[in-house]
Amino acid sequence: MPNTLPSGPTKKGQGHLVAFRADRLGGRLISLLNTFRLAQSQNLPCLVHWRDADNLDDPCDIFAQDFVDQYFVDKPKFTKLREAAAPIASVISSPTPEIFAKNLQNNRNIIVDPAFDVLTLLFENADETQAHFVKIAQALPLNPLLAERLAQAKQLFTSDIRTTAYHIRRGDLTADRRAMNKAWPNKFVPDEFFEAHMRANICSTSRVILYSDNQEVLTRYKSMFPDLLTFNDIADSSGLNAPQGDALELLTMAMADQLIAPPSSAFSSTAKTIGGAAFHDVESQLDPQVRSDALDLLTHRLRDEPELFANEGEIGQYLVYAHTHLVAQDRRGEFAAIASDHIKGGLNIAFIHSLAARELYHDGQYQALCDLRDHIDRGFVAHSRSFAHLTFFHCLSLLMLNRKAEAIAQVSTAFWLEPTEGEINALVGIMESQGDLGRHNFWFSDPIVERVFANRFLLDFVKQYFHPLMENGSLNITKAVPNNRIKIWEWPYFAKSDVETQHRYKGHFRKLLKILHRHDWSGKNKPHFDSFIGLMALREGDMALAEKLILPAAKGHPDNALFHKRCADFYFTKRKWGQAIKAIDQAIALEPRTALFQAFKGLIQVHAKDRKGAATTHTTVLDTGLQIPGLFFLAGEALEAAKQPQAAAKMVAKGLHLAPMDWKRQVALATLERDLGDTDAATKRMQWTLQWADERPPVVKTLTDLLTDAGDPQEALKILAYVRDRYPKKEQFAKLHGKLAKKLDRDAKKAVRKKSGKNKQ
């Protein structure tokens, strides 16, 4: 039994094996069972941290109370354990039991976190560990009610009839907004595949059970296969809460002799691992011709019978399969037409927007892609990466149509959203090399330093995306193209807020400094590299090295505007606003037409509390035609601080035209519109934003305040009730709902009293 294992050290200074997963039930169970299996086989102490998330806040829902009391630790204790811990991956190759046990010396802990399969050490026998794992799973101390229901269900599996379990995953993949806006081909498998497999394999001599998290799926398959059993036919889940119901479903699935499921479903994979059943990926089980016929049927349904699908999330996942199938058969235009029709009908699935744009471009339908943008922009693209790809392909189509000015606006948006995305980065480099982009209208850095950061994958992108543009002369590669991340390192203030944070978090600048220090820069290029290394030190927070390299480079080369800008960068970081303004003014004097120098000055003025000056500077910058969304947002903030709300609203609106999926700016613009008296525009804006940002309290509060002020408090209360129930851990929603409900109750009572007083008169 697992609860016979030590939970505390058996030797002085001995650490623990600690089970921890931050995801859902399947992954957590595998982590826990692997931990106890290793602990039991190696006689080591173990503990468990059960994260309070994903509706799994109380481990006693699943496990016996004494088991939880003995082995489970809370977050503060786990945090301390993790401070002196290493992942199991770092010790899994230990060649002997003694060496493996040594990894727990000196109070060192091992976090056992893999979510799939049975962990086997090098010196162990795989078959024996598998059998040991299953034995521990069967003896796991469960919540008494859950154990009782599982024992009842086991009676069905005691006969000699072979049991096959099918698992059809839907749930959040087609219903949750975040999940449905990503493609899940390894978790979502079309009904057509399961239908074909069942028709070929269901027979009267076997027991077949269908598991699904979607009632419509269960109903549909029961109508096609009347002898099919479902979970509700074999187990009693009445009185169980949601985690207990999931656990009972998982543990009964584990009793099957074979599982037919998607290739990467954690739920069915966990059932296979716990029970030791044979596991088959349903797609790989199909004959190639049967699979092709199923995909043709799927394509027909998408094109001619869209009413058969449960929701747009399901349509999105089906389109992934149609895309692969049709493109492989050189029917690219057919996919583009089907996807475009769904988008025109209102489909708001982020990856389908970018996928449709990709295939329209590759099919040579450049104007059709441009026309589709109008339909897409009426809805929303819920993920920044998908929106960046959409604008990338839109840019390529505009270049093919010789509409370069519009193309520049699109590539500016794409680069702002995803500056490190390979194809976007390469396009920027090519357009810069031929003069379409430069200091006058785009991000820039030191061209001498940029040569060190060549784009090594350029030819791959040419083959994939740029060949038609090179054939018609829109793009020409005449020299090496840099990796344009360097531009973001130069100007992080105007990038998306997460770009610099990500680089610093990943130690990006620290690694870069080590690489650059390996070289001995000399000659005329030395000051360029000194200044750049100083900038990287500044980004990393090494102020001493930054000062040592940045300031002398500018002093020794007073005619280099970029060196002076970096001096301004240095003083800006040190919050010495006056010196920063002086330095950036020197850069502007040398290059008055370089708009980003002016933009940086405006940013410094904002921090120096020169609101009027900042507003004037930013307005001047954007009059140059610079198309960087972040600059419009900064200009809007400066104009609002300078008490110019109308001009501020116009600037924020221009930025959102380029990058609409910024909920903070949408709230800011709605607030400006409300203050300017245009409550209808503000309300419509927030209603649109709520569709893709309903988890954000400022979005919800702004909209519900607007509705209440407009005389529709019941609609506001309805929205608050929805988000309160959808996000129970966000206390703000419950407080907002309670506050408005009390106000409406008081108003209703007041109205009754008032009416009663009139009647008495």
# chains A, B, ... in the order shown; residues from 1 in each chain; ligands from 1

call {"tool": "select_by_dssp", "arguments": {"residues": "segment 36-166 of chain A", "states": "helix (DSSP H, G or I)", "output": "NGL selection string"}}
result
:A and (36-42 or 59-61 or 65-71 or 75-83 or 88-90 or 97-102 or 126-138 or 144-158)

call {"tool": "residues_around", "arguments": {"residues": "Thr391 of chain A", "least_positions_apart": "2", "cutoff": "9 Å", "atoms": "only C-alpha atoms", "output": "PDB file with N, CA and C atoms, in the first residue's frame"}}
result
ATOM      1  N   SER A 354      -5.407  33.072 -39.979  1.00  0.00           N
ATOM      2  CA  SER A 354      -4.054  33.073 -40.558  1.00  0.00           C
ATOM      3  C   SER A 354      -3.888  31.953 -41.579  1.00  0.00           C
ATOM      4  N   ALA A 357      -5.528  33.044 -44.818  1.00  0.00           N
ATOM      5  CA  ALA A 357      -4.680  34.051 -45.473  1.00  0.00           C
ATOM      6  C   ALA A 357      -3.480  33.389 -46.140  1.00  0.00           C
ATOM      7  N   SER A 386      -1.313  34.606 -34.306  1.00  0.00           N
ATOM      8  CA  SER A 386      -2.170  34.413 -35.480  1.00  0.00           C
ATOM      9  C   SER A 386      -2.412  35.736 -36.190  1.00  0.00           C
ATOM     10  N   PHE A 387      -2.613  36.811 -35.422  1.00  0.00           N
ATOM     11  CA  PHE A 387      -2.835  38.120 -36.027  1.00  0.00           C
ATOM     12  C   PHE A 387      -1.573  38.586 -36.757  1.00  0.00           C
ATOM     13  N   ALA A 388      -0.417  38.304 -36.176  1.00  0.00           N
ATOM     14  CA  ALA A 388       0.839  38.668 -36.837  1.00  0.00           C
ATOM     15  C   ALA A 388       0.992  37.931 -38.163  1.00  0.00           C
ATOM     16  N   HIS A 389       0.653  36.640 -38.191  1.00  0.00           N
ATOM     17  CA  HIS A 389       0.733  35.881 -39.444  1.00  0.00           C
ATOM     18  C   HIS A 389      -0.272  36.405 -40.465  1.00  0.00           C
ATOM     19  N   PHE A 393       0.866  37.807 -44.227  1.00  0.00           N
ATOM     20  CA  PHE A 393       0.385  37.376 -45.547  1.00  0.00           C
ATOM     21  C   PHE A 393      -0.369  38.499 -46.260  1.00  0.00           C
ATOM     22  N   HIS A 394      -1.029  39.349 -45.494  1.00  0.00           N
ATOM     23  CA  HIS A 394      -1.679  40.514 -46.099  1.00  0.00           C
ATOM     24  C   HIS A 394      -0.628  41.423 -46.725  1.00  0.00           C
ATOM     25  N   CYS A 395       0.487  41.619 -46.009  1.00  0.00           N
ATOM     26  CA  CYS A 395       1.592  42.426 -46.541  1.00  0.00           C
ATOM     27  C   CYS A 395       2.125  41.835 -47.844  1.00  0.00           C
ATOM     28  N   LEU A 396       2.351  40.529 -47.874  1.00  0.00           N
ATOM     29  CA  LEU A 396       2.868  39.889 -49.086  1.00  0.00           C
ATOM     30  C   LEU A 396       1.910  40.079 -50.256  1.00  0.00           C
ATOM     31  N   ALA A 407       1.419  47.919 -47.626  1.00  0.00           N
ATOM     32  CA  ALA A 407       2.200  46.758 -47.191  1.00  0.00           C
ATOM     33  C   ALA A 407       3.103  47.120 -46.018  1.00  0.00           C
ATOM     34  N   GLN A 410       1.253  47.029 -42.798  1.00  0.00           N
ATOM     35  CA  GLN A 410       0.984  45.664 -42.342  1.00  0.00           C
ATOM     36  C   GLN A 410       2.230  45.004 -41.750  1.00  0.00           C
ATOM     37  N   VAL A 411       3.385  45.177 -42.388  1.00  0.00           N
ATOM     38  CA  VAL A 411       4.597  44.557 -41.857  1.00  0.00           C
ATOM     39  C   VAL A 411       5.013  45.238 -40.561  1.00  0.00           C
ATOM     40  N   SER A 412       4.689  46.525 -40.408  1.00  0.00           N
ATOM     41  CA  SER A 412       4.977  47.216 -39.146  1.00  0.00           C
ATOM     42  C   SER A 412       4.187  46.595 -38.007  1.00  0.00           C
ATOM     43  N   THR A 413       2.923  46.294 -38.266  1.00  0.00           N
ATOM     44  CA  THR A 413       2.094  45.641 -37.256  1.00  0.00           C
ATOM     45  C   THR A 413       2.610  44.237 -36.948  1.00  0.00           C
ATOM     46  N   ALA A 414       2.919  43.474 -37.989  1.00  0.00           N
ATOM     47  CA  ALA A 414       3.407  42.105 -37.797  1.00  0.00           C
ATOM     48  C   ALA A 414       4.682  42.101 -36.956  1.00  0.00           C
TER      49      ALA A 414
END

call {"tool": "residues_around", "arguments": {"residues": "segment 104-117 of chain A", "least_positions_apart": "4", "cutoff": "6 Å", "atoms": "only C-alpha atoms", "output": "PDB file with N, CA, C and O atoms, in the first residue's frame"}}
result
ATOM      1  N   GLY A  13      19.717  14.231   6.888  1.00  0.00           N
ATOM      2  CA  GLY A  13      20.054  15.030   5.706  1.00  0.00           C
ATOM      3  C   GLY A  13      19.447  14.520   4.423  1.00  0.00           C
ATOM      4  O   GLY A  13      19.820  14.966   3.332  1.00  0.00           O
ATOM      5  N   GLN A  14      18.512  13.565   4.529  1.00  0.00           N
ATOM      6  CA  GLN A  14      17.923  12.990   3.319  1.00  0.00           C
ATOM      7  C   GLN A  14      16.760  13.853   2.825  1.00  0.00           C
ATOM      8  O   GLN A  14      15.916  14.293   3.602  1.00  0.00           O
ATOM      9  N   GLY A  15      16.712  14.078   1.518  1.00  0.00           N
ATOM     10  CA  GLY A  15      15.619  14.844   0.923  1.00  0.00           C
ATOM     11  C   GLY A  15      14.456  13.950   0.529  1.00  0.00           C
ATOM     12  O   GLY A  15      14.361  12.800   0.971  1.00  0.00           O
ATOM     13  N   HIS A  16      13.573  14.474  -0.308  1.00  0.00           N
ATOM     14  CA  HIS A  16      12.351  13.759  -0.684  1.00  0.00           C
ATOM     15  C   HIS A  16      12.206  13.669  -2.202  1.00  0.00           C
ATOM     16  O   HIS A  16      12.669  14.546  -2.938  1.00  0.00           O
ATOM     17  N   LEU A  17      11.510  12.628  -2.633  1.00  0.00           N
ATOM     18  CA  LEU A  17      10.901  12.634  -3.960  1.00  0.00           C
ATOM     19  C   LEU A  17       9.578  13.378  -3.811  1.00  0.00           C
ATOM     20  O   LEU A  17       8.785  13.067  -2.919  1.00  0.00           O
ATOM     21  N   VAL A  18       9.345  14.371  -4.658  1.00  0.00           N
ATOM     22  CA  VAL A  18       8.147  15.205  -4.511  1.00  0.00           C
ATOM     23  C   VAL A  18       7.342  15.161  -5.803  1.00  0.00           C
ATOM     24  O   VAL A  18       7.835  15.523  -6.883  1.00  0.00           O
ATOM     25  N   ALA A  19       6.087  14.712  -5.695  1.00  0.00           N
ATOM     26  CA  ALA A  19       5.190  14.680  -6.854  1.00  0.00           C
ATOM     27  C   ALA A  19       4.560  16.049  -7.039  1.00  0.00           C
ATOM     28  O   ALA A  19       3.997  16.614  -6.098  1.00  0.00           O
ATOM     29  N   PHE A  20       4.665  16.577  -8.274  1.00  0.00           N
ATOM     30  CA  PHE A  20       4.023  17.870  -8.555  1.00  0.00           C
ATOM     31  C   PHE A  20       3.770  18.019 -10.044  1.00  0.00           C
ATOM     32  O   PHE A  20       4.670  17.845 -10.856  1.00  0.00           O
ATOM     33  N   ARG A  21       2.536  18.333 -10.379  1.00  0.00           N
ATOM     34  CA  ARG A  21       2.149  18.758 -11.724  1.00  0.00           C
ATOM     35  C   ARG A  21       1.197  19.926 -11.576  1.00  0.00           C
ATOM     36  O   ARG A  21       0.369  19.970 -10.668  1.00  0.00           O
ATOM     37  N   GLY A  27      -2.375  14.185 -15.647  1.00  0.00           N
ATOM     38  CA  GLY A  27      -0.953  14.438 -15.417  1.00  0.00           C
ATOM     39  C   GLY A  27      -0.587  14.368 -13.945  1.00  0.00           C
ATOM     40  O   GLY A  27       0.490  13.872 -13.569  1.00  0.00           O
ATOM     41  N   ILE A  30      -0.336  10.627 -12.820  1.00  0.00           N
ATOM     42  CA  ILE A  30       0.887   9.974 -13.307  1.00  0.00           C
ATOM     43  C   ILE A  30       2.082  10.423 -12.467  1.00  0.00           C
ATOM     44  O   ILE A  30       2.933   9.606 -12.075  1.00  0.00           O
ATOM     45  N   SER A  31       2.167  11.712 -12.181  1.00  0.00           N
ATOM     46  CA  SER A  31       3.256  12.233 -11.348  1.00  0.00           C
ATOM     47  C   SER A  31       3.236  11.584  -9.969  1.00  0.00           C
ATOM     48  O   SER A  31       4.272  11.128  -9.458  1.00  0.00           O
ATOM     49  N   ALA A  84      15.403  23.746  -2.908  1.00  0.00           N
ATOM     50  CA  ALA A  84      16.557  22.832  -2.876  1.00  0.00           C
ATOM     51  C   ALA A  84      16.214  21.569  -3.660  1.00  0.00           C
ATOM     52  O   ALA A  84      16.338  20.452  -3.163  1.00  0.00           O
ATOM     53  N   ALA A  85      15.751  21.759  -4.886  1.00  0.00           N
ATOM     54  CA  ALA A  85      15.279  20.612  -5.669  1.00  0.00           C
ATOM     55  C   ALA A  85      15.834  20.627  -7.079  1.00  0.00           C
ATOM     56  O   ALA A  85      16.235  21.668  -7.599  1.00  0.00           O
ATOM     57  N   ALA A  86      15.809  19.443  -7.684  1.00  0.00           N
ATOM     58  CA  ALA A  86      16.185  19.279  -9.096  1.00  0.00           C
ATOM     59  C   ALA A  86      15.093  18.448  -9.768  1.00  0.00           C
ATOM     60  O   ALA A  86      14.414  17.659  -9.108  1.00  0.00           O
ATOM     61  N   PRO A  87      14.898  18.611 -11.063  1.00  0.00           N
ATOM     62  CA  PRO A  87      13.887  17.800 -11.761  1.00  0.00           C
ATOM     63  C   PRO A  87      14.351  16.362 -11.915  1.00  0.00           C
ATOM     64  O   PRO A  87      15.552  16.083 -11.984  1.00  0.00           O
ATOM     65  N   ILE A  88      13.410  15.452 -11.987  1.00  0.00           N
ATOM     66  CA  ILE A  88      13.729  14.037 -12.144  1.00  0.00           C
ATOM     67  C   ILE A  88      14.542  13.779 -13.407  1.00  0.00           C
ATOM     68  O   ILE A  88      15.381  12.879 -13.449  1.00  0.00           O
ATOM     69  N   THR A 273      -1.891   4.055 -18.990  1.00  0.00           N
ATOM     70  CA  THR A 273      -0.733   3.844 -18.127  1.00  0.00           C
ATOM     71  C   THR A 273      -1.135   3.196 -16.804  1.00  0.00           C
ATOM     72  O   THR A 273      -0.468   2.279 -16.307  1.00  0.00           O
TER      73      THR A 273
END

call {"tool": "residues_around", "arguments": {"residues": "Gly26 of chain A", "least_positions_apart": "3", "cutoff": "9 Å", "atoms": "only C-alpha atoms", "output": "number ranges by chain"}}
result
A: 23, 29-31, 115-116, 247, 250, 266-271

call {"tool": "write_last_selection", "arguments": {"atoms": "all heavy atoms", "output": "CSV table (one decimal), in the first residue's frame"}}
result
chain,number,residue,atom,x,y,z
A,23,ASP,N,-1.0,20.8,-13.9
A,23,ASP,CA,-2.1,20.7,-14.9
A,23,ASP,C,-3.3,19.9,-14.3
A,23,ASP,O,-3.5,20.0,-13.1
A,23,ASP,CB,-1.6,20.1,-16.2
A,23,ASP,CG,-0.8,18.8,-16.0
A,23,ASP,OD1,-0.8,18.3,-14.8
A,23,ASP,OD2,-0.3,18.2,-16.9
A,29,LEU,N,-2.0,12.5,-11.6
A,29,LEU,CA,-2.0,11.1,-11.1
A,29,LEU,C,-0.8,10.4,-11.6
A,29,LEU,O,-0.2,9.6,-10.8
A,29,LEU,CB,-3.3,10.4,-11.7
A,29,LEU,CG,-4.6,10.6,-10.9
A,29,LEU,CD1,-5.7,9.9,-11.6
A,29,LEU,CD2,-4.4,10.1,-9.5
A,30,ILE,N,-0.3,10.6,-12.8
A,30,ILE,CA,0.9,10.0,-13.3
A,30,ILE,C,2.1,10.4,-12.5
A,30,ILE,O,2.9,9.6,-12.1
A,30,ILE,CB,1.1,10.3,-14.8
A,30,ILE,CG1,0.0,9.7,-15.7
A,30,ILE,CG2,2.5,9.8,-15.2
A,30,ILE,CD1,0.0,8.2,-15.6
A,31,SER,N,2.2,11.7,-12.2
A,31,SER,CA,3.3,12.2,-11.3
A,31,SER,C,3.2,11.6,-10.0
A,31,SER,O,4.3,11.1,-9.5
A,31,SER,CB,3.1,13.8,-11.2
A,31,SER,OG,4.0,14.3,-10.2
A,115,ALA,N,4.3,13.9,-17.1
A,115,ALA,CA,2.8,13.7,-17.1
A,115,ALA,C,2.4,12.4,-17.9
A,115,ALA,O,1.2,12.1,-18.0
A,115,ALA,CB,2.1,14.9,-17.7
A,116,PHE,N,3.4,11.8,-18.5
A,116,PHE,CA,3.1,10.6,-19.3
A,116,PHE,C,4.0,9.4,-19.0
A,116,PHE,O,5.2,9.6,-18.6
A,116,PHE,CB,3.3,10.9,-20.8
A,116,PHE,CG,2.3,11.9,-21.4
A,116,PHE,CD1,2.6,13.3,-21.4
A,116,PHE,CD2,1.0,11.5,-21.8
A,116,PHE,CE1,1.7,14.2,-21.9
A,116,PHE,CE2,0.1,12.4,-22.3
A,116,PHE,CZ,0.5,13.8,-22.4
A,247,ALA,N,-12.5,11.5,-11.9
A,247,ALA,CA,-11.6,10.4,-11.5
A,247,ALA,C,-12.3,9.0,-11.7
A,247,ALA,O,-11.7,8.1,-12.1
A,247,ALA,CB,-11.3,10.6,-10.0
A,250,LEU,N,-12.1,8.2,-15.4
A,250,LEU,CA,-10.7,7.8,-15.7
A,250,LEU,C,-10.4,6.4,-15.2
A,250,LEU,O,-9.8,5.6,-16.0
A,250,LEU,CB,-9.7,8.8,-15.1
A,250,LEU,CG,-8.2,8.6,-15.3
A,250,LEU,CD1,-7.9,8.7,-16.7
A,250,LEU,CD2,-7.4,9.6,-14.5
A,266,ALA,N,-4.2,13.5,-22.7
A,266,ALA,CA,-3.6,13.1,-21.4
A,266,ALA,C,-4.5,12.2,-20.6
A,266,ALA,O,-4.1,11.3,-19.9
A,266,ALA,CB,-3.3,14.4,-20.6
A,267,PHE,N,-5.8,12.4,-20.8
A,267,PHE,CA,-6.8,11.6,-20.1
A,267,PHE,C,-6.8,10.1,-20.4
A,267,PHE,O,-6.6,9.3,-19.6
A,267,PHE,CB,-8.2,12.2,-20.3
A,267,PHE,CG,-9.3,11.8,-19.4
A,267,PHE,CD1,-9.4,12.5,-18.2
A,267,PHE,CD2,-10.2,10.7,-19.6
A,267,PHE,CE1,-10.4,12.1,-17.2
A,267,PHE,CE2,-11.1,10.4,-18.7
A,267,PHE,CZ,-11.3,11.1,-17.5
A,268,SER,N,-6.9,9.8,-21.7
A,268,SER,CA,-6.8,8.4,-22.1
A,268,SER,C,-5.4,7.8,-22.0
A,268,SER,O,-5.3,6.7,-21.7
A,268,SER,CB,-7.3,8.3,-23.6
A,268,SER,OG,-6.7,9.2,-24.4
A,269,SER,N,-4.4,8.7,-22.1
A,269,SER,CA,-3.0,8.2,-21.9
A,269,SER,C,-2.8,7.8,-20.5
A,269,SER,O,-2.2,6.8,-20.2
A,269,SER,CB,-2.0,9.3,-22.3
A,269,SER,OG,-0.7,8.8,-22.0
A,270,THR,N,-3.4,8.6,-19.6
A,270,THR,CA,-3.3,8.2,-18.1
A,270,THR,C,-4.0,6.9,-17.9
A,270,THR,O,-3.5,6.0,-17.1
A,270,THR,CB,-3.9,9.3,-17.3
A,270,THR,OG1,-3.2,10.6,-17.5
A,270,THR,CG2,-3.8,9.0,-15.8
A,271,ALA,N,-5.2,6.7,-18.4
A,271,ALA,CA,-6.0,5.5,-18.3
A,271,ALA,C,-5.2,4.3,-18.8
A,271,ALA,O,-5.1,3.2,-18.1
A,271,ALA,CB,-7.3,5.6,-19.0

call {"tool": "residues_around", "arguments": {"residues": "segment 177-189 of chain A", "least_positions_apart": "4", "cutoff": "8 Å", "atoms": "only C-alpha atoms", "output": "JSON, numbers by chain"}}
result
{"A": [168, 169, 170, 172, 173, 193, 194, 262, 263, 264, 265, 283, 313, 314, 316, 317, 320, 321, 349, 350, 351, 382, 383, 692]}

call {"tool": "write_last_selection", "arguments": {"atoms": "N, CA, C and O atoms", "output": "compact mmCIF listing (two decimals), in the first residue's frame"}}
result
# COMPACT_ATOMS: atom_id res chain seq x y z
N ILE A 168 -13.51 10.07 -27.07
CA ILE A 168 -13.64 11.19 -28.02
C ILE A 168 -13.56 12.49 -27.24
O ILE A 168 -14.46 12.83 -26.48
N ARG A 169 -12.45 13.18 -27.42
CA ARG A 169 -12.18 14.42 -26.67
C ARG A 169 -12.79 15.61 -27.38
O ARG A 169 -12.56 15.84 -28.55
N ARG A 170 -13.58 16.39 -26.68
CA ARG A 170 -14.12 17.64 -27.22
C ARG A 170 -13.93 18.74 -26.17
O ARG A 170 -12.94 19.40 -26.12
N ASP A 172 -13.15 21.54 -23.74
CA ASP A 172 -12.59 22.88 -23.87
C ASP A 172 -11.99 23.13 -25.25
O ASP A 172 -11.87 24.28 -25.68
N LEU A 173 -11.63 22.07 -25.98
CA LEU A 173 -11.03 22.26 -27.31
C LEU A 173 -11.99 22.95 -28.27
O LEU A 173 -11.56 23.61 -29.22
N PHE A 193 -13.49 9.74 -38.40
CA PHE A 193 -12.50 8.69 -38.14
C PHE A 193 -13.06 7.66 -37.16
O PHE A 193 -12.91 6.45 -37.34
N PHE A 194 -13.67 8.16 -36.09
CA PHE A 194 -14.24 7.24 -35.10
C PHE A 194 -15.38 6.42 -35.70
O PHE A 194 -15.51 5.22 -35.44
N PRO A 262 -7.48 9.67 -29.25
CA PRO A 262 -6.53 10.57 -29.93
C PRO A 262 -5.11 10.27 -29.46
O PRO A 262 -4.91 9.76 -28.35
N PRO A 263 -4.11 10.63 -30.26
CA PRO A 263 -2.73 10.25 -29.92
C PRO A 263 -2.17 10.94 -28.69
O PRO A 263 -1.31 10.39 -28.02
N SER A 264 -2.65 12.15 -28.37
CA SER A 264 -2.03 12.91 -27.28
C SER A 264 -3.02 13.39 -26.24
O SER A 264 -2.84 14.45 -25.65
N SER A 265 -4.05 12.63 -25.99
CA SER A 265 -4.99 12.98 -24.93
C SER A 265 -4.41 12.52 -23.60
O SER A 265 -4.17 11.34 -23.39
N GLU A 283 -6.57 7.23 -35.57
CA GLU A 283 -6.24 7.60 -36.95
C GLU A 283 -5.28 6.60 -37.58
O GLU A 283 -5.43 6.22 -38.75
N GLY A 313 -16.12 26.39 -32.59
CA GLY A 313 -14.90 25.73 -32.13
C GLY A 313 -14.70 24.39 -32.82
O GLY A 313 -13.58 24.03 -33.20
N GLU A 314 -15.78 23.65 -33.00
CA GLU A 314 -15.71 22.37 -33.69
C GLU A 314 -15.35 22.57 -35.16
O GLU A 314 -14.53 21.84 -35.72
N GLY A 316 -13.59 24.97 -36.41
CA GLY A 316 -12.18 25.31 -36.47
C GLY A 316 -11.28 24.08 -36.45
O GLY A 316 -10.35 23.95 -37.26
N GLN A 317 -11.56 23.16 -35.52
CA GLN A 317 -10.72 21.96 -35.42
C GLN A 317 -10.88 21.05 -36.64
O GLN A 317 -9.93 20.42 -37.08
N VAL A 320 -8.74 22.14 -39.64
CA VAL A 320 -7.32 21.73 -39.59
C VAL A 320 -7.11 20.47 -40.43
O VAL A 320 -6.17 20.38 -41.23
N TYR A 321 -8.00 19.50 -40.27
CA TYR A 321 -7.89 18.25 -41.03
C TYR A 321 -8.18 18.48 -42.51
O TYR A 321 -7.51 17.91 -43.38
N ILE A 349 -12.10 32.25 -35.37
CA ILE A 349 -11.09 31.31 -34.87
C ILE A 349 -9.73 31.80 -35.35
O ILE A 349 -9.47 31.83 -36.56
N ALA A 350 -8.86 32.16 -34.41
CA ALA A 350 -7.62 32.86 -34.74
C ALA A 350 -6.77 32.13 -35.77
O ALA A 350 -6.33 32.71 -36.77
N PHE A 351 -6.48 30.85 -35.54
CA PHE A 351 -5.57 30.15 -36.43
C PHE A 351 -6.19 29.92 -37.81
O PHE A 351 -5.47 29.78 -38.80
N ALA A 382 -8.03 36.21 -31.86
CA ALA A 382 -7.83 36.13 -30.42
C ALA A 382 -6.38 35.93 -29.98
O ALA A 382 -6.09 36.06 -28.81
N HIS A 383 -5.48 35.58 -30.88
CA HIS A 383 -4.09 35.36 -30.47
C HIS A 383 -3.16 36.23 -31.30
O HIS A 383 -3.27 36.33 -32.51
N TRP A 692 -13.44 38.63 -26.32
CA TRP A 692 -12.14 37.96 -26.27
C TRP A 692 -11.31 38.31 -25.03
O TRP A 692 -10.18 37.83 -24.88

call {"tool": "residues_around", "arguments": {"residues": "segment 134-148 of chain A", "least_positions_apart": "4", "cutoff": "6 Å", "atoms": "only C-alpha atoms", "output": "VMD selection string"}}
result
chain A and resid 1 62 to 64 274

call {"tool": "write_last_selection", "arguments": {"atoms": "C-alpha atoms", "output": "PDB file, in the first residue's frame"}}
result
ATOM      1  CA  MET A   1       0.000   0.000   0.000  1.00  0.00           C
ATOM      2  CA  ILE A  62      -9.996  12.038  -4.761  1.00  0.00           C
ATOM      3  CA  PHE A  63      -7.955  10.477  -1.953  1.00  0.00           C
ATOM      4  CA  ALA A  64      -8.542   9.165   1.560  1.00  0.00           C
ATOM      5  CA  ILE A 274      -2.714   3.138 -14.954  1.00  0.00           C
TER       6      ILE A 274
END

call {"tool": "atom_distance", "arguments": {"atom1": "atom CA of Leu740 of chain A", "atom2": "atom CA of Val723 of chain A"}}
result
13.9 Å

call {"tool": "residues_around", "arguments": {"residues": "segment 362-365 of chain A", "least_positions_apart": "4", "cutoff": "7 Å", "atoms": "only C-alpha atoms", "output": "VMD selection string"}}
result
chain A and resid 332 to 333 358 369

call {"tool": "atom_distance", "arguments": {"atom1": "atom CA of His557 of chain A", "atom2": "atom CA of Val449 of chain A"}}
result
16.0 Å

call {"tool": "closest_atom_pairs", "arguments": {"of": "segment 388-424 of chain A", "to": "segment 483-499 of chain A", "cutoff": "7 Å", "atoms": "only C-alpha atoms", "output": "JSON lines"}}
result
{"residue": "A:Trp416", "atom": "CA", "partner": "A:Ala495", "partner_atom": "CA", "distance": 6.0}
{"residue": "A:Leu417", "atom": "CA", "partner": "A:Lys496", "partner_atom": "CA", "distance": 6.7}
{"residue": "A:Pro419", "atom": "CA", "partner": "A:Arg485", "partner_atom": "CA", "distance": 6.5}
{"residue": "A:Thr420", "atom": "CA", "partner": "A:Arg485", "partner_atom": "CA", "distance": 6.1}

call {"tool": "atom_distance", "arguments": {"atom1": "atom CA of Arg378 of chain A", "atom2": "atom CA of Ala716 of chain A"}}
result
23.5 Å

call {"tool": "closest_residue", "arguments": {"among": "A:Asn525, A:Gln42, A:Asn472, A:Thr129", "to": "Glu98 of chain A", "atoms": "only C-alpha atoms"}}
result
A:Gln42
